[in-house]
Structures are given as structure tokens and as C-alpha cells.
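Peer 1: I'd like to ask you about the structure that follows.
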Amino acid sequence: MSIIVDENTRLLVQGITGREGNFHTRTMLEYGSTVVAGVTPGKGGQDVVFDVNGKQLSVPVFNTVREARDITGCNATLIFVPAQFTPAGVYEAADAGIPVIMTISEHTPVHEMMKCYHVARQKGLRLFGPNSFGIISPGKCKAGFMPHKYYMPGPVGIMSRSATNCYETVMMMSACGIGQSTCIGVGGDMIPGSAFVDLLPCFQADPETKAIVLIGEIGGSEEETAARYIKNSVTKPMVALIAGKNAPKGKNMGHAGAIVGADGTGSAESKEKALAAAGVHLAESSGHIVEILKTLKL
Amino acid sequence: MKLLEYQAQAILGKYGVPTQKAVLIDSKEGAAEKIAAANLDFPVAIKAQVQTGGRGKAGGVRFAESAEEAAGLCGEMLGMDIRGFTARELLVAEKAGIAAEWYVSIMLDRDSKAPLLIFSPVGGMDIEEAARINPAGIARVPIDPLRGLQDYAVGYAMDKTGADKQYRDQLQDVAGKLYRLFFDYYTMLVEINPLIIDASGRLTALDAKIEIDDSALPFLPDISGYRDRLQEDPQVTEARKAGCLFIPVEDSGNIGIMSNGSGMLMSCIDLVSKKGMKVHAAIDLGGGATSQRIAEALRIMLGRPKVGTVFICVFGGITRCDEVARGAVVALGKSGAAGKHLILRMEGTNKDAAMRIIAESGLPVTVTEGIPNSVEAVYKISQRQGIG
């Protein structure tokens, strides 16, 4: 097993004829993911042909998500469209009842994602991102743009607000022979479609996941919320890294969500304190995460 | 982005929220004529337009009984320093007869993932301080963004705080306008403090704050012009124009750090700081940076006199390492490192090509593998510099 995406995932790519959508669809096909359809309004009826490891694979393009779902039975979608079109893409996927909706682009206004969050919630769908690298269950399905050669199947579930910190950790884990069950890009924005606390029950229930790594950072209170849940409901060992301990107060650090208030709200200390009190191992770096995982004898 | 008071007042005015009659003064020349022509009732308040709180205590708010006196004060106040910001513009506004001071705002609340209506019938002071003194005097009501602000939410806030009910219709009207503005202008915060009840019983915005989500600025053409009037580090502006984010960290530091991701950037700052070094500034290159953007960012970083050592740490997913290497070569080739040291750590897409580019350039760049080794190299080199 694994969570959210696996060998049964039938992917839709919204924006498949765009530069990014097209490029990353090919890398997902190369990885062995099942991409069953693409959507680009006005380009329905075409096939996009990909040269994958010497074979020609064609993916049908539809005008709407609903049509793509009716004909191909897609059960997850990746939205590879520019920031200003992302909310409309989410609404369309939600109205078509796609159960897993992943948004990639950065710089979508937070007000729009706030509405998307509530729409997904009311419909009982899972929304990921924005500003997320996607989700990968190594060996089964790559849904996103992560550099997949660093990943290998294994017992550790990872959820991360940062793409780069997740890549770094995965590279070091794999180099030591520690693989991953599923890696999820929670995203770097202020209102993530799915927060750590929404994913913990999935990792806890997944028999393949033996340990959980949480890569958080300054800003907001999702780590504290997760800590409260962990304390009562997570029995698997957990390791956490919080980035931004030495970030200046009141300054945005690149991710829209990574900011410590002038009054100290959203600080790394508060998050580390809450996680430590919930029994989570705290790591100082990606390398330290791996050192701790080694001691867990997974 | 935080707007200045007069910019916020202009937007409130657009939505029909009553504001004080006022005139903006930005030079001594013609100030008297401008004030006279504005036909204001005296006394007036003269308020420095700066992006910082507590301007009153810093001498940024003064009062005048006549146009001549106001013009004289404008002459004194223009150009004054208020907590590190220069008063380049002054708002001369009628000094209201105040029957009561309230507080109302709508903020985007990360915790409830919803707009939050905050109201208090005790306004005029900092809301955090007010909350500390009398928590029961403040109502915080989360609003479902799919249904919008309903009148009962305002009624609830007034009941909870014991506000005078005769102003209920007016407050509902003001709150409704703020709520529309909140979404139209993508504001993280729209705050009226104080919202006064004037001598005639009318709710009026005396001071206002608006903070806009930076991600929304491309969609707000009438606001983007305001950005040019901000007072910020020139490198921050330069970097933004180049498509990256310059973050001043610690003025006394001598290390510059650059990365292609916010998370890795913060991790590098943490690890370098943990080793006892001080980071002067950091640059988030963003995803998929071209060699041109990298070169520009590096030029900006090397241009900071206090930066002696620059550490570039890249894990290329969308970002290609060869672009990073090409950018570094361009930046160093043009200006030379001028006694500064560059430590380059690259992993991911097109790493091999990047290594070749650096090796062939013959430039004085220390190429490292892995973050722990890189931080060690930064330490050794910066120590040497400290001694030299």
C-alpha cells in the first residue's frame, strides 16, 4: 500500500498542452504513472503523443474535466495551469467529483485558495497545494514534478511544506537504503488544501508506512495542530524538521506561508516545542532526519 | 504589501465608507495654497504617511488651528524620520469631533482558514494591546467564505461586546463594504482604527490600514503603482524586478545565501547560523530560474559591501544546474568576485553539465558536495577572510 496515489491511480492532467503540463506528463509516463487523459478547453478531440522510452504513448485531450472523467474514469487530477487559472481548474475538478485534486502553481491569491479549500471540504474531496511538487508513491505512481530518480520504495511516509527540503531528505535517505511509502507536497502557501493533520490518519492507517517524517517551517500553526493529533492518535515513530529557526521576524522567506509575525507568532520554537511534547523526534537538518531514521530500525 | 494611510482611505472612499475630508501634501512649495484650496474645517491633524505603527508617539501626528500653521508644520514634518521611514507625504485631515472610538477589521485567518471579522467598541489603541487589557471587549467572528458576511455576524459581535445598538445599521453597512473590499482587493487585513462616532452620530473611518496579498498584485493594476512609492531596500526592488526575492537577514552578518527554494534557503540559514556565522542576506531564486536571473541575483548579492562569502545551494527539480553554473560564470566574469568567495553546491537536473561549465571557466569557485560539507566550507573560507 501507500496513500493517496498508487498503481490504481488514473491521472488527469489539466493543462496538458501547456509547456509545463506537457513536459511533466512525459516524465510521469516515463516513471510508469497511468496518465489517462488531459484537459485543455478548445483542444478536445486531439491526442497528445509522447515518446516514452522509445515507445509512442498517446493521451486523449478533452475540453472539460467532466467529459474526461465520464470517458476515462480518471480518479486524480494535477492542475498544471498558470496561477490565475488555478481556482477555476479546482472548481471544475471538484464539480466533476475528482476525489484527489493537486495544484502545482505558485502565487495564486490566498483568497481564491481559501474558497477552493472550503469547496473541496464541503464536497468531501482531497485538495493538495497550491505551490506543491505533487505526490509520489515510489515504484507505483508519480503525480507531480519531483526529480523522481532520487526516490525508492520503502517504509517512510513524508509530508513537506518545502520541495527542496523534501528532495534533499529523500536523496540522503535513499543513499542510505531507506525508501519512502508516499511523499506528499503539502505546499508552501498560507492555506494548504490538505494540512499535516489531514494526512496523519492516512499514514497511521497505512500498513506499509512504518515511520512518518514531517518537514515543516515557520509561519501558521499547522505543525502545532498536527502535534495535538499526534499526541492522541499516532503510534508510529515520527521525525520532524522545522526550517526557519534563524529567519528574521516579520519578513516573508519566499514561501507565501513562511513568515514569523513581528510578535513571534508562527515561530520555529513554538512548533518544535509542541512536536517534542507529542513525542516526535526533532531533527536539525535533512542529514539528521536520516540519522534518526537509522536508529528506528525500520 | 502594506498601503499607506491615504491610499487605504482612497480605497475605503471608493466603497462609500465615510472618511475625513483631507488633502495630501508632498512638498513645502504650495503647501499653504493646497491646504487653503481644500476648504477644510479647522483644527486639522497632520499625519505622516509611513509604513509603520506608533507614528503618533514618534512625532508623526500634529495638530494645527489654521492653514498657515498647518503649512508651517508641513514644512517641519516633511522629510522627518519616523522609526526608520522618511515622511515623504503628509495627510492633512479635519480633526473630527469624537463621541466614541470603535475598532473594526476583517483579516484573513490562517488558523480558521476563513475571513475573520474583528470588532470592538473600545478602539483607538493597538488591538493586541486592547485584547490583553480587556479580552471580553473584543469579538472575533469567523465568516464562511462561501456564504459571505451575513448581518447576524455583525449583530453577534455587537451583542458580545456590549456596543450601542443604535449604530447597528451603520456598522452592518461599513462591515459589508469592508468585506467586499477584502475580496476585491485580496487584503490580508483591512482595518479601521479608530472607527469614530462623530459629533453628528455618523460612523467615520479616522485611520485605516490595508495589507494586500503580494500574489494578487498582478491582478490589481490600480495598486501596483503604489509599490513604487514604498520605502524599501534598493536591493529588494532590484531583485524583484529580476524575478527573485532579496531578504535582508542580519546587518552585521557577512555571509550571503542563495537557493532555488524557500525551504532549502531557510535550512541553509539555520545551519550556517548554528555554526556561529552570521547571515547578512538571502535570495530565493524561485523555481526554474534562468542563467540570466541567477547572474542578476548573484550580482546583487556580491554588490552588498558587507557580504564576503556567498553560498549558493541548489537542488534542481525544475531549476537546471547548468543554468545556475552559467549564471554564476556570467556574474563573476563581469564583475569578478573582487576578493569575495563563492561556494557552489548543486544537486539534481543537469548537474554534470554544470560541473563542466564551472571547471572550464577557471573562475575561483569552490564546488562542494552535500549540505554538511558545504556549510563546513563556508565556515573555513569565512574564517580565513575574517583573519585576512
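Ordering of the C-alpha cells sets the chain letters (A, B, ...); residue numbers start at 1 within each chain; ligands are numbered from 1 in the order shown.
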Could you make a table, as a tab-separated table, of the residues of chain B that have an atom within 7 Å of an atom of chain A, each with its nearest atom pair and distance in Å to one decimal, counting only C-alpha atoms, in chain and number order?
Peer 2:
```
residue	atom	partner	partner_atom	distance
B:Arg110	CA	A:Gly220	CA	6.3
B:Asp111	CA	A:Ser221	CA	6.7
B:Lys113	CA	A:Met114	CA	6.4
B:Ala114	CA	A:Met114	CA	6.8
B:Pro145	CA	A:Lys115	CA	6.2
B:Leu146	CA	A:Lys115	CA	6.5
B:Phe183	CA	A:His111	CA	6.9
B:Tyr186	CA	A:His111	CA	6.3
B:Asp213	CA	A:Pro109	CA	6.6
B:Ser215	CA	A:His107	CA	4.7
B:Ala216	CA	A:Pro109	CA	5.1
B:Leu245	CA	A:Gly254	CA	6.7
B:Val249	CA	A:Pro248	CA	5.7
B:Gly261	CA	A:Thr164	CA	5.7
B:Ser262	CA	A:Gly254	CA	4.9
B:Gly263	CA	A:Ser162	CA	4.9
B:Met264	CA	A:Asn165	CA	5.3
B:Met266	CA	A:Gly244	CA	4.8
B:Ser267	CA	A:Ala243	CA	5.2
B:Ile269	CA	A:Asn246	CA	6.4
B:Asp270	CA	A:Asn246	CA	5.3
B:Ser273	CA	A:Asn246	CA	6.9
B:Asp284	CA	A:Gly254	CA	6.1
B:Phe315	CA	A:Thr164	CA	6.1
B:Gly317	CA	A:Pro147	CA	5.3
```
Peer 1: Pick out the residues sitting within 9 Å of stretch 362-371 of chain B, and hand them over as a ChimeraX atom specification; count only C-alpha atoms, and ignore anything fewer than 2 positions along from it in its own chain.
Peer 2: /A:168,286-287 /B:268,271,313,329,332-333,336-337,341-347,355,358-360,373-377
Peer 1: Those selected residues, please, written with N, CA, C and O atoms and delivered as a short mmCIF file (atom, residue, chain, number, x, y, z; two decimals), in the first residue's frame.
Peer 2:
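Result written to selection_11.cif:
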```cif
data_model
loop_
_atom_site.label_atom_id
_atom_site.label_comp_id
_atom_site.auth_asym_id
_atom_site.auth_seq_id
_atom_site.Cartn_x
_atom_site.Cartn_y
_atom_site.Cartn_z
N GLU A 168 16.06 16.95 -0.75
CA GLU A 168 17.33 16.76 -0.06
C GLU A 168 17.24 15.56 0.90
O GLU A 168 18.11 14.71 0.94
N SER A 286 18.37 17.75 7.14
CA SER A 286 17.97 16.55 6.39
C SER A 286 18.85 15.37 6.79
O SER A 286 18.35 14.25 6.97
N GLY A 287 20.15 15.62 6.93
CA GLY A 287 21.07 14.55 7.32
C GLY A 287 20.71 13.97 8.68
O GLY A 287 20.77 12.76 8.89
N CYS B 268 19.47 26.38 5.03
CA CYS B 268 20.88 26.80 4.93
C CYS B 268 21.16 27.94 5.92
O CYS B 268 22.22 27.96 6.56
N LEU B 271 21.55 26.31 9.31
CA LEU B 271 22.77 25.53 9.53
C LEU B 271 24.00 26.44 9.60
O LEU B 271 24.90 26.20 10.40
N CYS B 313 23.17 27.26 -2.84
CA CYS B 313 22.78 25.86 -2.63
C CYS B 313 21.54 25.57 -3.47
O CYS B 313 20.50 26.20 -3.28
N VAL B 329 28.93 32.05 -13.80
CA VAL B 329 30.09 32.41 -14.63
C VAL B 329 29.90 33.82 -15.20
O VAL B 329 30.83 34.63 -15.20
N LEU B 332 30.34 36.42 -12.29
CA LEU B 332 31.73 36.54 -11.84
C LEU B 332 32.62 37.07 -12.96
O LEU B 332 33.53 37.85 -12.72
N GLY B 333 32.34 36.65 -14.18
CA GLY B 333 33.13 37.08 -15.31
C GLY B 333 33.05 38.58 -15.51
O GLY B 333 34.02 39.23 -15.86
N GLY B 336 33.95 40.09 -11.57
CA GLY B 336 34.98 39.42 -10.78
C GLY B 336 34.47 39.31 -9.36
O GLY B 336 33.56 40.03 -8.96
N ALA B 337 35.00 38.40 -8.59
CA ALA B 337 34.50 38.25 -7.24
C ALA B 337 35.06 39.33 -6.32
O ALA B 337 34.58 39.53 -5.22
N HIS B 341 34.30 35.29 -1.93
CA HIS B 341 34.37 33.88 -2.26
C HIS B 341 32.99 33.31 -2.54
O HIS B 341 32.02 33.66 -1.89
N LEU B 342 32.96 32.42 -3.51
CA LEU B 342 31.70 31.79 -3.89
C LEU B 342 31.80 30.29 -3.65
O LEU B 342 32.73 29.64 -4.13
N ILE B 343 30.85 29.77 -2.88
CA ILE B 343 30.76 28.33 -2.66
C ILE B 343 29.49 27.84 -3.33
O ILE B 343 28.41 28.37 -3.09
N LEU B 344 29.66 26.86 -4.19
CA LEU B 344 28.54 26.43 -5.03
C LEU B 344 28.24 24.97 -4.77
O LEU B 344 29.10 24.11 -4.96
N ARG B 345 27.02 24.71 -4.34
CA ARG B 345 26.60 23.32 -4.14
C ARG B 345 25.40 23.08 -5.06
O ARG B 345 24.39 23.76 -4.95
N MET B 346 25.54 22.12 -5.96
CA MET B 346 24.46 21.84 -6.89
C MET B 346 24.11 20.36 -6.88
O MET B 346 25.00 19.51 -6.86
N GLU B 347 22.84 20.07 -6.92
CA GLU B 347 22.37 18.69 -7.00
C GLU B 347 21.17 18.69 -7.92
O GLU B 347 20.46 19.69 -8.03
N MET B 355 28.90 21.10 -13.64
CA MET B 355 30.25 20.91 -13.11
C MET B 355 31.28 21.23 -14.19
O MET B 355 32.31 21.85 -13.92
N ILE B 358 31.66 25.05 -14.77
CA ILE B 358 32.44 25.72 -13.72
C ILE B 358 33.93 25.39 -13.88
O ILE B 358 34.79 26.27 -13.83
N ALA B 359 34.23 24.11 -14.13
CA ALA B 359 35.63 23.69 -14.26
C ALA B 359 36.30 24.42 -15.44
O ALA B 359 37.43 24.90 -15.33
N GLU B 360 35.57 24.51 -16.57
CA GLU B 360 36.14 25.13 -17.76
C GLU B 360 36.30 26.65 -17.62
O GLU B 360 37.10 27.26 -18.30
N ASN B 373 29.01 19.32 4.09
CA ASN B 373 30.34 19.71 3.61
C ASN B 373 30.37 21.16 3.17
O ASN B 373 31.36 21.86 3.36
N SER B 374 29.28 21.59 2.56
CA SER B 374 29.22 22.96 2.04
C SER B 374 29.27 23.96 3.19
O SER B 374 29.99 24.95 3.13
N VAL B 375 28.50 23.68 4.23
CA VAL B 375 28.47 24.59 5.38
C VAL B 375 29.86 24.64 6.02
O VAL B 375 30.33 25.70 6.42
N GLU B 376 30.51 23.50 6.05
CA GLU B 376 31.88 23.44 6.59
C GLU B 376 32.82 24.31 5.75
O GLU B 376 33.64 25.07 6.29
N ALA B 377 32.67 24.23 4.43
CA ALA B 377 33.50 25.05 3.52
C ALA B 377 33.21 26.53 3.72
O ALA B 377 34.14 27.35 3.75
#
```
Peer 1: Within 10 Å of B:Ala242, counting only C-alpha atoms, which residues show up once you throw out same-chain ones fewer than 4 positions away? Write them as a list in words, please.
Peer 2: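 Here the answer would be Val236, Thr237, Glu238, Leu285, Gln292, Arg293, Ile294, Ala295, Glu296, Ala297 and Ile300 of chain B.
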Peer 1: Set the distance at 12 Å and use only C-alpha atoms: which residues neighbour A:Leu57 once local chain neighbours fewer than 6 positions away are removed? I'd like the list as a PyMOL selection string.
Peer 2: chain A and resi 25-26+28-30+32-37+47-51
Peer 1: Print the selection's residues with N, CA, C and O atoms to a file, as a compact mmCIF listing (two decimals), in the first residue's frame.
Peer 2:
```txt
# COMPACT_ATOMS: atom_id res chain seq x y z
N THR A 25 4.09 15.69 -17.93
CA THR A 25 3.32 14.49 -18.27
C THR A 25 4.26 13.42 -18.82
O THR A 25 4.17 12.24 -18.48
N ARG A 26 5.21 13.87 -19.64
CA ARG A 26 6.16 12.90 -20.20
C ARG A 26 6.99 12.25 -19.08
O ARG A 26 7.17 11.03 -19.06
N MET A 28 6.15 11.82 -16.04
CA MET A 28 5.30 10.91 -15.25
C MET A 28 5.07 9.60 -16.01
O MET A 28 5.08 8.52 -15.41
N LEU A 29 4.88 9.70 -17.33
CA LEU A 29 4.72 8.48 -18.14
C LEU A 29 6.01 7.66 -18.11
O LEU A 29 5.97 6.43 -18.00
N GLU A 30 7.14 8.33 -18.18
CA GLU A 30 8.42 7.62 -18.12
C GLU A 30 8.56 6.86 -16.81
O GLU A 30 9.13 5.78 -16.76
N GLY A 32 6.19 5.56 -15.26
CA GLY A 32 5.25 4.44 -15.24
C GLY A 32 3.89 4.80 -14.69
O GLY A 32 3.04 3.93 -14.50
N SER A 33 3.66 6.08 -14.44
CA SER A 33 2.34 6.51 -13.97
C SER A 33 1.31 6.33 -15.08
O SER A 33 1.65 6.38 -16.26
N THR A 34 0.06 6.10 -14.68
CA THR A 34 -1.01 5.94 -15.65
C THR A 34 -1.69 7.29 -15.87
O THR A 34 -2.50 7.72 -15.05
N VAL A 35 -1.33 7.96 -16.95
CA VAL A 35 -1.98 9.23 -17.29
C VAL A 35 -3.03 8.90 -18.34
O VAL A 35 -2.69 8.51 -19.46
N VAL A 36 -4.32 9.00 -17.97
CA VAL A 36 -5.37 8.54 -18.88
C VAL A 36 -5.98 9.66 -19.71
O VAL A 36 -6.62 9.39 -20.72
N ALA A 37 -5.78 10.91 -19.29
CA ALA A 37 -6.43 11.98 -20.03
C ALA A 37 -5.79 13.32 -19.72
O ALA A 37 -5.11 13.49 -18.71
N ASP A 47 -5.15 14.03 -29.67
CA ASP A 47 -4.33 13.17 -28.83
C ASP A 47 -2.97 13.84 -28.69
O ASP A 47 -2.46 14.40 -29.65
N VAL A 48 -2.42 13.80 -27.48
CA VAL A 48 -1.04 14.26 -27.34
C VAL A 48 -0.17 13.01 -27.32
O VAL A 48 -0.42 12.08 -26.56
N VAL A 49 0.83 12.97 -28.22
CA VAL A 49 1.67 11.78 -28.31
C VAL A 49 3.01 12.04 -27.63
O VAL A 49 3.64 13.07 -27.85
N PHE A 50 3.39 11.12 -26.76
CA PHE A 50 4.65 11.26 -26.02
C PHE A 50 5.59 10.14 -26.43
O PHE A 50 5.17 8.99 -26.57
N ASP A 51 6.83 10.49 -26.60
CA ASP A 51 7.85 9.49 -26.87
C ASP A 51 8.42 9.07 -25.52
O ASP A 51 9.15 9.83 -24.88
```
Peer 1: List the spatial neighbours of A:Asp206 as a list in words - criterion: any atom at most 10 Å away, only C-alpha atoms, same-chain residues fewer than 4 positions off excluded.
Peer 2: Met1, Ser2, Ile3, Pro155, Gly157, Ser181, Leu200, Pro201, Cys202 and Lys210 of chain A
Peer 1: Can I get the selection written as a PDB file, in the first residue's frame, with N, CA and C atoms?
Peer 2:
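So again10.pdb came out as:
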```pdb
ATOM      1  N   MET A   1       0.833  -1.208   0.000  1.00  0.00           N
ATOM      2  CA  MET A   1       0.000   0.000   0.000  1.00  0.00           C
ATOM      3  C   MET A   1       0.863   1.252   0.000  1.00  0.00           C
ATOM      4  N   SER A   2       0.252   2.338   0.195  1.00  0.00           N
ATOM      5  CA  SER A   2       0.831   3.680   0.169  1.00  0.00           C
ATOM      6  C   SER A   2      -0.413   4.556   0.324  1.00  0.00           C
ATOM      7  N   ILE A   3      -0.287   5.854   0.286  1.00  0.00           N
ATOM      8  CA  ILE A   3      -1.504   6.644   0.449  1.00  0.00           C
ATOM      9  C   ILE A   3      -1.722   7.607  -0.721  1.00  0.00           C
ATOM     10  N   PRO A 155       9.653   2.211   3.693  1.00  0.00           N
ATOM     11  CA  PRO A 155       8.697   2.276   4.804  1.00  0.00           C
ATOM     12  C   PRO A 155       8.407   3.665   5.378  1.00  0.00           C
ATOM     13  N   GLY A 157       6.854   7.437   5.320  1.00  0.00           N
ATOM     14  CA  GLY A 157       5.942   8.409   4.712  1.00  0.00           C
ATOM     15  C   GLY A 157       6.461   9.809   4.989  1.00  0.00           C
ATOM     16  N   SER A 181       7.296   5.378   1.402  1.00  0.00           N
ATOM     17  CA  SER A 181       5.993   4.819   1.016  1.00  0.00           C
ATOM     18  C   SER A 181       5.266   5.820   0.129  1.00  0.00           C
ATOM     19  N   LEU A 200      -2.109  12.727   8.522  1.00  0.00           N
ATOM     20  CA  LEU A 200      -1.633  11.814   9.566  1.00  0.00           C
ATOM     21  C   LEU A 200      -2.485  10.551   9.691  1.00  0.00           C
ATOM     22  N   PRO A 201      -3.831  10.664   9.670  1.00  0.00           N
ATOM     23  CA  PRO A 201      -4.627   9.430   9.794  1.00  0.00           C
ATOM     24  C   PRO A 201      -4.341   8.443   8.658  1.00  0.00           C
ATOM     25  N   CYS A 202      -4.054   8.960   7.452  1.00  0.00           N
ATOM     26  CA  CYS A 202      -3.771   8.081   6.304  1.00  0.00           C
ATOM     27  C   CYS A 202      -2.464   7.328   6.526  1.00  0.00           C
ATOM     28  N   LYS A 210       5.972   2.724   8.091  1.00  0.00           N
ATOM     29  CA  LYS A 210       6.406   2.341   9.440  1.00  0.00           C
ATOM     30  C   LYS A 210       6.835   3.551  10.266  1.00  0.00           C
TER      31      LYS A 210
END
```
Peer 1: Which residues are close to A:Asp95, i.e. within 12 Å by only C-alpha atoms, leaving aside same-chain residues fewer than 6 positions away? Reply as a ChimeraX atom specification.
Peer 2: /A:64-67,69,88-89,101,116,119-120,122-125
Peer 1: Can you list, as a VMD selection string, all residues belonging to stretch 98-247 of chain B that DSSP tags as helix (DSSP H, G or I)?
Peer 2: chain B and resid 127 to 133 135 to 137 151 to 161 165 to 184 214 to 219 221 to 227 234 to 242
Peer 1: As a VMD selection string, list the residues of stretch 32-253 of chain A assigned to strand (DSSP E or B) by DSSP on the backbone atoms of this structure.
Peer 2: chain A and resid 35 to 39 47 to 52 55 to 62 76 to 79 100 to 103 126 to 128 134 to 137 141 to 144 153 to 160 180 to 185 211 to 217 238 to 243
Peer 1: Mind checking which residues fall within 8 Å of stretch 162-176 of chain B, counting only C-alpha atoms, ignoring those fewer than 2 positions away in the same chain, and posting them as a VMD selection string?
Peer 2: chain B and resid 17 104 to 105 120 to 121 137 149 151 154 to 155 158 to 160 178 to 180 202 to 203
Peer 1: Can you tell me how far atom CA of B:Asn39 sits from atom CA of B:Gly56, in Å to one decimal?
Peer 2: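 So the answer is 24.9 Å.
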Peer 1: Between B:Met188, B:Ile381, B:Leu206, B:Ala32, which has the minimum distance to B:Gly97 (counting only C-alpha atoms)?
Peer 2: B:Leu206
Peer 1: Using only C-alpha atoms, can you tell me which of A:Gly18, A:Pro82, A:Gly154, A:Pro237 comes closest to A:Ile212?
Peer 2: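 For A:Ile212, the nearest of the candidates is A:Pro237.
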